[in-house]
$ cat target-v9.txt   # compact mmCIF, C-alpha atoms
# COMPACT_ATOMS: atom_id res chain seq x y z
CA MET A 154 -6.44 -2.35 -2.60
CA VAL A 155 -3.15 -2.06 -0.80
CA ILE A 156 -1.87 -4.87 1.36
CA ARG A 157 -0.17 -3.76 4.57
CA LYS A 158 1.69 -5.59 7.26
CA ALA A 159 1.40 -4.38 10.88
CA LEU A 160 -1.01 -1.63 9.90
CA ALA A 161 -4.77 -1.78 10.48
CA ALA A 162 -7.28 0.03 8.28
CA ALA A 163 -10.99 0.00 7.54
CA LEU A 164 -13.31 0.73 4.67
CA VAL A 165 -17.00 1.57 5.02
CA ALA A 166 -19.56 1.76 2.22
CA ALA A 167 -22.03 4.58 2.79
CA ALA A 168 -25.08 2.75 1.49
CA SER A 169 -25.57 0.30 4.36
CA ALA A 170 -25.21 -0.13 8.09
CA VAL A 171 -24.48 -3.87 8.09
CA ALA A 172 -20.80 -4.66 8.54
CA ALA A 173 -19.15 -7.63 6.81
CA THR A 174 -15.60 -8.60 5.95
CA LEU A 175 -14.78 -7.97 2.29
CA LEU A 176 -14.92 -11.27 0.40
CA LEU A 177 -14.12 -12.31 -3.14
CA ALA A 178 -17.02 -11.39 -5.38
CA GLN A 179 -19.41 -14.13 -6.39
CA GLY A 180 -19.16 -15.10 -10.01
CA GLY A 181 -15.72 -13.53 -10.47
CA SER A 182 -12.50 -15.28 -11.39
CA ALA A 183 -8.81 -14.68 -10.79
CA ALA A 184 -5.79 -15.92 -12.71
CA VAL A 185 -2.05 -15.31 -12.93
CA VAL A 186 -1.22 -13.56 -16.18
CA SER A 187 1.81 -12.61 -18.22
CA PRO A 188 3.09 -9.13 -17.36
CA THR A 189 0.60 -6.57 -18.65
CA ALA A 190 2.02 -3.51 -20.41
CA GLY A 191 2.14 -0.49 -18.17
CA VAL A 192 1.03 -2.21 -14.95
CA VAL A 193 3.63 -2.13 -12.18
CA VAL A 194 4.13 -3.41 -8.66
CA ILE A 195 4.58 -0.87 -5.86
CA GLU A 196 6.42 -1.68 -2.62
CA THR A 197 6.70 0.82 0.24
CA ASN A 198 8.51 1.03 3.54
CA LEU A 199 6.53 2.60 6.40
CA ALA A 200 9.48 3.14 8.72
CA TYR A 201 7.63 5.25 11.30
CA GLN A 202 5.04 2.50 11.67
CA ASN A 203 7.48 -0.43 11.54
CA ALA A 204 5.50 -1.76 8.60
CA ALA A 205 5.53 -2.33 4.86
CA ALA A 206 2.90 -2.12 2.14
CA ALA A 207 2.36 -3.32 -1.41
CA GLY A 208 0.04 -2.21 -4.18
CA THR A 209 -0.22 -1.63 -7.91
CA GLY A 210 0.35 1.28 -10.28
CA MET A 211 -0.13 2.30 -13.91
CA VAL A 212 2.60 3.82 -16.06
CA LEU A 213 1.27 6.92 -17.83
CA THR A 214 4.42 8.10 -19.63
CA SER A 215 7.51 6.38 -21.02
CA SER A 216 9.62 8.58 -18.72
CA GLY A 217 8.13 7.00 -15.61
CA ILE A 218 5.08 8.93 -14.45
CA VAL A 219 2.99 6.40 -12.48
CA LEU A 220 -0.61 6.68 -11.28
CA THR A 221 -1.75 4.91 -8.12
CA ASN A 222 -4.01 5.30 -5.08
CA ASN A 223 -2.99 7.72 -2.35
CA HIS A 224 -3.59 5.03 0.27
CA VAL A 225 -0.96 2.84 -1.45
CA ILE A 226 1.81 5.34 -0.66
CA LYS A 227 0.36 6.93 2.49
CA GLY A 228 2.98 6.99 5.25
CA ALA A 229 5.72 5.69 2.95
CA THR A 230 9.27 6.70 3.81
CA THR A 231 10.56 4.97 0.65
CA VAL A 232 8.76 3.80 -2.49
CA LYS A 233 10.03 1.15 -4.92
CA VAL A 234 8.36 0.32 -8.23
CA VAL A 235 9.04 -2.93 -10.08
CA ILE A 236 8.36 -3.55 -13.77
CA PRO A 237 7.10 -7.17 -13.82
CA SER A 238 8.16 -7.90 -17.41
CA THR A 239 11.82 -7.02 -16.78
CA HIS A 240 11.95 -7.27 -12.96
CA ARG A 241 13.80 -3.95 -13.01
CA SER A 242 13.12 -1.78 -9.99
CA TYR A 243 13.10 1.99 -9.66
CA THR A 244 13.15 4.36 -6.73
CA ALA A 245 10.07 6.55 -6.89
CA SER A 246 9.40 10.03 -5.59
CA VAL A 247 5.89 11.28 -4.83
CA LEU A 248 5.05 14.22 -7.10
CA GLY A 249 1.78 14.87 -5.31
CA TYR A 250 -1.46 13.39 -4.07
CA ASP A 251 -5.14 14.03 -3.49
CA VAL A 252 -6.32 12.51 -0.21
CA SER A 253 -9.99 13.27 -0.81
CA ASP A 254 -10.04 11.42 -4.15
CA ASP A 255 -7.43 8.76 -3.26
CA VAL A 256 -5.11 9.60 -6.16
CA ALA A 257 -1.31 9.86 -6.15
CA VAL A 258 1.32 10.38 -8.85
CA LEU A 259 4.89 9.04 -8.72
CA GLN A 260 8.03 9.75 -10.74
CA LEU A 261 10.44 6.87 -11.30
CA LYS A 262 14.08 7.90 -11.04
CA GLY A 263 16.09 7.27 -14.22
CA ALA A 264 13.21 5.66 -16.10
CA LYS A 265 12.93 5.82 -19.89
CA ASN A 266 11.27 3.94 -22.73
CA LEU A 267 8.72 2.34 -20.43
CA LYS A 268 5.56 0.74 -21.81
CA THR A 269 2.40 2.54 -20.78
CA VAL A 270 -1.21 1.58 -20.17
CA THR A 271 -3.85 2.41 -22.76
CA THR A 272 -6.62 4.52 -21.30
CA GLY A 273 -10.25 4.49 -22.36
CA ASN A 274 -13.22 6.77 -21.70
CA SER A 275 -14.89 6.09 -18.35
CA SER A 276 -17.88 8.28 -19.27
CA LYS A 277 -19.03 5.47 -21.57
CA VAL A 278 -19.01 2.70 -18.94
CA LYS A 279 -22.33 0.90 -18.68
CA THR A 280 -23.90 -1.30 -16.01
CA GLY A 281 -23.47 -4.96 -16.91
CA GLN A 282 -20.31 -4.34 -18.92
CA LEU A 283 -17.63 -7.02 -18.71
CA VAL A 284 -14.46 -5.76 -16.98
CA THR A 285 -11.10 -7.15 -15.87
CA ALA A 286 -8.98 -5.92 -12.98
CA VAL A 287 -5.20 -6.38 -13.12
CA GLY A 288 -3.14 -6.11 -9.97
CA ASN A 289 -0.60 -7.27 -7.44
CA ALA A 290 -3.10 -9.48 -5.61
CA GLY A 291 -1.83 -10.55 -2.20
CA GLY A 292 1.26 -8.38 -2.56
CA THR A 293 3.19 -11.27 -4.10
CA GLY A 294 4.72 -9.22 -6.91
CA VAL A 295 3.01 -11.41 -9.52
CA LEU A 296 0.26 -9.80 -11.58
CA THR A 297 -3.14 -11.50 -11.64
CA THR A 298 -6.48 -10.72 -13.22
CA ALA A 299 -10.00 -10.78 -11.83
CA THR A 300 -13.00 -10.63 -14.15
CA GLY A 301 -16.51 -9.47 -13.43
CA ARG A 302 -19.15 -6.99 -14.49
CA VAL A 303 -20.01 -3.41 -13.66
CA THR A 304 -22.83 -3.57 -11.12
CA ALA A 305 -23.43 0.15 -10.47
CA LEU A 306 -22.15 3.62 -11.37
CA ARG A 307 -21.61 6.90 -9.50
CA GLN A 308 -21.31 5.18 -6.12
CA THR A 309 -20.27 6.89 -2.87
CA ILE A 310 -18.32 5.24 -0.05
CA THR A 311 -16.57 6.41 3.09
CA ALA A 312 -13.02 5.12 3.50
CA SER A 313 -11.28 5.27 6.86
CA ASP A 314 -8.11 3.83 8.31
CA GLY A 315 -6.49 3.05 11.61
CA ASP A 316 -5.53 6.63 12.47
CA GLY A 317 -9.18 7.67 12.67
CA SER A 318 -9.19 9.76 9.51
CA SER A 319 -11.79 9.22 6.82
CA GLU A 320 -12.60 10.47 3.35
CA GLN A 321 -15.73 10.20 1.24
CA LEU A 322 -15.03 8.91 -2.26
CA VAL A 323 -17.70 9.77 -4.82
CA GLY A 324 -18.60 8.86 -8.40
CA LEU A 325 -17.07 5.39 -8.24
CA ILE A 326 -17.58 2.43 -10.56
CA GLN A 327 -18.86 -0.61 -8.63
CA THR A 328 -18.04 -4.11 -9.89
CA ASN A 329 -18.20 -7.71 -8.73
CA ALA A 330 -14.64 -8.42 -9.88
CA ALA A 331 -12.87 -10.48 -7.22
CA LEU A 332 -10.31 -7.94 -6.04
CA GLN A 333 -7.77 -8.83 -3.39
CA PRO A 334 -5.44 -6.91 -1.05
CA GLY A 335 -2.60 -5.52 -3.16
CA ASP A 336 -4.79 -4.69 -6.20
CA SER A 337 -5.19 -1.02 -5.21
CA GLY A 338 -3.94 1.34 -7.90
CA GLY A 339 -4.29 -1.20 -10.69
CA PRO A 340 -6.39 -0.86 -13.84
CA LEU A 341 -9.98 -1.87 -14.39
CA GLU A 342 -10.02 -2.70 -18.11
CA ASP A 343 -12.68 -3.26 -20.73
CA SER A 344 -12.69 -6.23 -23.13
CA THR A 345 -10.19 -4.49 -25.42
CA GLY A 346 -7.67 -3.75 -22.67
CA HIS A 347 -8.47 -0.06 -22.34
CA VAL A 348 -8.35 1.27 -18.77
CA LEU A 349 -11.75 2.44 -17.51
CA GLY A 350 -10.88 2.96 -13.86
CA MET A 351 -8.34 2.64 -11.05
CA ASP A 352 -9.19 -0.04 -8.50
CA THR A 353 -9.44 1.34 -4.99
CA ALA A 354 -11.13 1.31 -1.62
CA ALA A 355 -10.30 -1.97 0.06
CA SER A 356 -7.31 -3.50 1.81
CA SER A 357 -6.12 -6.32 3.98
CA GLY A 358 -8.15 -6.09 7.18
CA PHE A 359 -10.57 -3.57 5.72
CA VAL A 360 -14.26 -3.97 6.50
CA VAL A 361 -17.10 -3.17 4.14
CA GLN A 362 -20.62 -2.33 5.20
CA SER A 363 -22.77 -3.76 2.46
CA GLN A 364 -25.43 -6.25 1.52
CA GLY A 365 -23.17 -8.17 -0.80
CA ASN A 366 -19.71 -8.48 -2.27
CA GLN A 367 -18.41 -5.56 -4.29
CA ALA A 368 -15.35 -3.63 -5.36
CA TYR A 369 -14.83 -0.05 -6.50
CA ALA A 370 -12.79 1.86 -9.05
CA ILE A 371 -12.16 5.56 -9.58
CA PRO A 372 -13.22 6.50 -13.15
CA ILE A 373 -10.06 6.91 -15.19
CA ASN A 374 -11.20 10.27 -16.62
CA LYS A 375 -11.34 11.70 -13.10
CA ALA A 376 -8.04 10.10 -12.03
CA LEU A 377 -6.23 11.45 -15.09
CA THR A 378 -7.59 14.96 -14.56
CA ILE A 379 -6.15 14.96 -11.04
CA ALA A 380 -2.89 13.41 -12.27
CA LYS A 381 -2.44 16.17 -14.86
CA GLN A 382 -3.00 18.81 -12.18
CA ILE A 383 -0.34 17.17 -10.02
CA GLU A 384 2.11 16.92 -12.93
CA SER A 385 1.61 20.62 -13.65
CA GLY A 386 2.46 21.46 -10.04
CA HIS A 387 -0.80 23.24 -9.26
CA SER A 388 -1.82 22.70 -5.64
CA SER A 389 -5.38 23.26 -4.42
CA SER A 390 -7.53 22.70 -1.36
CA THR A 391 -7.47 18.97 -2.15
CA VAL A 392 -4.26 18.45 -4.15
CA HIS A 393 -0.92 18.46 -2.34
CA ILE A 394 2.23 19.00 -4.41
CA GLY A 395 5.73 17.84 -3.46
CA THR A 396 7.08 16.87 -0.06
CA THR A 397 4.89 16.74 3.03
CA ALA A 398 5.41 18.77 6.19
CA PHE A 399 6.28 16.58 9.17
CA LEU A 400 5.63 17.22 12.86
CA GLY A 401 6.91 13.86 14.07
CA VAL A 402 4.21 12.72 16.47
CA SER A 403 1.67 9.95 16.69
CA VAL A 404 -1.50 11.23 18.30
CA GLU A 405 -4.84 9.98 19.57
CA SER A 406 -8.01 11.62 20.79
CA ALA A 407 -7.67 13.49 24.09
CA ALA A 408 -11.42 13.19 24.73
CA GLN A 409 -11.08 10.22 27.03
CA GLY A 410 -12.55 11.77 30.18
CA GLY A 411 -10.78 13.78 32.85
CA GLU A 412 -10.20 17.50 32.51
CA VAL A 413 -9.25 17.51 28.82
CA ASP A 414 -12.20 16.95 26.49
CA SER A 415 -10.61 17.80 23.13
CA GLY A 416 -7.27 18.05 21.40
CA ALA A 417 -4.62 15.67 20.10
CA LEU A 418 -2.92 13.60 22.79
CA ILE A 419 0.69 12.79 21.90
CA ALA A 420 1.15 9.03 22.21
CA GLN A 421 4.70 9.03 20.86
CA THR A 422 7.25 11.35 19.28
CA VAL A 423 9.77 10.45 16.59
CA THR A 424 13.21 10.55 18.16
CA GLY A 425 15.09 13.53 16.75
CA GLY A 426 11.98 14.73 14.90
CA PRO A 427 10.64 18.31 14.92
CA ALA A 428 8.32 17.83 17.91
CA ASP A 429 10.97 15.97 19.89
CA GLN A 430 13.55 18.69 19.23
CA ALA A 431 11.05 21.34 20.36
CA GLY A 432 10.53 19.56 23.69
CA LEU A 433 7.11 18.01 23.13
CA VAL A 434 6.73 14.63 24.84
CA ALA A 435 4.23 11.79 25.12
CA GLY A 436 1.33 12.84 27.32
CA ASP A 437 1.23 16.43 26.11
CA VAL A 438 -2.06 17.47 24.49
CA ILE A 439 -1.83 19.70 21.41
CA VAL A 440 -4.71 22.20 21.47
CA SER A 441 -3.62 24.69 18.80
CA PHE A 442 -1.42 24.74 15.71
CA ASP A 443 -0.36 27.94 13.97
CA GLY A 444 -3.12 29.82 15.74
CA GLN A 445 -5.85 27.32 14.79
CA THR A 446 -7.74 25.27 17.36
CA VAL A 447 -6.96 21.54 17.41
CA ASP A 448 -9.99 19.62 18.69
CA ALA A 449 -9.05 16.17 17.36
CA PRO A 450 -6.12 14.26 15.79
CA THR A 451 -7.64 14.57 12.31
CA THR A 452 -7.77 18.36 12.70
CA LEU A 453 -4.08 18.44 13.53
CA GLY A 454 -3.24 16.32 10.48
CA GLY A 455 -5.15 18.65 8.19
CA LEU A 456 -3.44 21.75 9.60
CA VAL A 457 0.04 20.25 9.24
CA LEU A 458 -0.72 19.28 5.64
CA LYS A 459 -1.34 22.93 4.75
CA HIS A 460 2.28 23.80 5.57
CA SER A 461 5.62 23.06 3.94
CA ALA A 462 8.79 21.54 5.28
CA GLY A 463 10.90 24.26 6.93
CA ASP A 464 7.94 26.32 8.13
CA SER A 465 8.12 27.50 11.76
CA VAL A 466 4.79 27.31 13.57
CA GLN A 467 3.50 27.99 17.07
CA VAL A 468 2.12 24.90 18.81
CA GLY A 469 -0.07 25.34 21.87
CA TYR A 470 -0.35 22.42 24.25
CA LEU A 471 -1.25 21.30 27.75
CA ASP A 472 1.63 19.59 29.50
CA GLN A 473 1.19 16.56 31.72
CA PHE A 474 0.44 18.79 34.68
CA GLY A 475 -2.34 20.62 32.82
CA ASN A 476 -0.34 23.81 32.30
CA GLN A 477 -0.86 25.77 29.08
CA GLN A 478 2.39 25.98 27.08
CA THR A 479 3.47 27.30 23.68
CA VAL A 480 6.48 26.21 21.65
CA THR A 481 7.85 27.02 18.19
CA VAL A 482 8.36 23.97 15.97
CA THR A 483 10.22 23.92 12.66
CA LEU A 484 8.50 21.35 10.49
CA GLY A 485 10.52 18.69 8.74
CA SER A 486 9.95 16.70 5.57
CA GLY A 487 8.01 13.48 6.01
CA PRO A 488 5.97 10.79 4.30
CA PRO A 489 2.81 11.51 2.29
CA GLN A 490 -0.46 11.62 4.17

$ encode --input "target-v9.txt" --output "structure tokens"
Amino acid sequence: MVIRKALAAALVAAASAVAATLLLAQGGSAAVVSPTAGVVVIETNLAYQNAAAAGTGMVLTSSGIVLTNNHVIKGATTVKVVIPSTHRSYTASVLGYDVSDDVAVLQLKGAKNLKTVTTGNSSKVKTGQLVTAVGNAGGTGVLTTATGRVTALRQTITASDGDGSSEQLVGLIQTNAALQPGDSGGPLEDSTGHVLGMDTAASSGFVVQSQGNQAYAIPINKALTIAKQIESGHSSSTVHIGTTAFLGVSVESAAQGGEVDSGALIAQTVTGGPADQAGLVAGDVIVSFDGQTVDAPTTLGGLVLKHSAGDSVQVGYLDQFGNQQTVTVTLGSGPPQ
């Protein structure tokens, strides 16, 4: 889980249609612990949203490669990682991320000789197995643990957040460990301290549709496979490598009645950003991007993500008078999506 201030988000479990606020799991326990080797605290600044976020990460290499959830660093304009045992902080860059699987990989600047987590084999996880989650519960910067048992395997949930986008996460480990906001990106460990999964899929203000209390983790085998692909620099239809293209707008659905029934309505532009410099303003409705139809805000986000910073693209839009216009926008470099 990632804890965010001034940013709403939601989580939905696919198995049920009954909504309930995520609660601490029955039968679980939580306790402050001494700094655990390889588990780090992540703090981000979300400047374009006037917000901040906090989560957890796992150190994979002594040179500072860190694994975490994509939703922990989504929208971050800066990322800081703190080693709890030494209180030393590092500036982190985002090497890449996989939105569809909620995985991201960071590189700590100037890091060396860091302690790493010890990974296990998630293919051997069994229902009923005792597990412990370690994380930055509550975003306090102090590591805590939450114990519980594996309650189900190969689970599917649909995670969505305040911008209307959603992703289906599959193959998850379900537990009754009492996770809290801020635990996202932290390890789910077995009784010997080996990491079986990466805790994910819930946050401050998130809602879960379920018949009971539960938490989820991405199997560590899957997370590490994606992390290795990111480290190798191989992009794919799901894996984004390096910096993220930036249009510089906040958009909402244009399908609110009236003459426009689809598209991305610009609610606000970033002052001095690519869209602003190209003359786009609040109230314009983007209907095409690089020759592709834009029927919703999520469509626009996906199309932008396929490009790189510095690309020049044609943006078709309806101005506030309903006139069809086209403008060339040179994309900037922005926060991960």

$ residues_around --input "target-v9.txt" --residues "A:Met351" --least-positions-apart "4" --cutoff "8 Å" --atoms "all atoms listed in the file" --output "short mmCIF file (atom, residue, chain, number, x, y, z; two decimals) with C-alpha atoms, keeping the file's coordinate frame"
data_model
loop_
_atom_site.label_atom_id
_atom_site.label_comp_id
_atom_site.auth_asym_id
_atom_site.auth_seq_id
_atom_site.Cartn_x
_atom_site.Cartn_y
_atom_site.Cartn_z
CA THR A 221 -1.75 4.91 -8.12
CA ASN A 222 -4.01 5.30 -5.08
CA SER A 337 -5.19 -1.02 -5.21
CA GLY A 338 -3.94 1.34 -7.90
CA GLY A 339 -4.29 -1.20 -10.69
CA PRO A 340 -6.39 -0.86 -13.84
CA LEU A 341 -9.98 -1.87 -14.39
CA ALA A 370 -12.79 1.86 -9.05
CA ILE A 371 -12.16 5.56 -9.58
CA PRO A 372 -13.22 6.50 -13.15
CA ILE A 373 -10.06 6.91 -15.19
CA ALA A 376 -8.04 10.10 -12.03
#

$ atom_distance --input "target-v9.txt" --atom1 "atom CA of A:Thr311" --atom2 "atom CA of A:Val256"
15.1 Å

$ closest_residue --input "target-v9.txt" --among "A:Gly350, A:Thr424, A:Val252, A:Pro450" --to "A:Leu377" --atoms "all atoms listed in the file"
A:Gly350

$ residues_near_point --input "target-v9.txt" --point "(10.3, 22.0, 17.8)" --cutoff "7 Å" --atoms "only C-alpha atoms" --output "VMD selection string"
chain A and resid 427 to 432 480 to 483

$ closest_residue --input "target-v9.txt" --among "A:Val247, A:Ala205, A:Ala290, A:Ala190" --to "A:Glu384" --atoms "all atoms listed in the file"
A:Val247

$ residues_around --input "target-v9.txt" --residues "A:Ile394" --least-positions-apart "5" --cutoff "9 Å" --atoms "all atoms listed in the file" --output "list in words"
Val247, Leu248, Gly249, Tyr250, Asp251, Ile383, Glu384, Gly386, His387, Ser388 and Ser389 of chain A
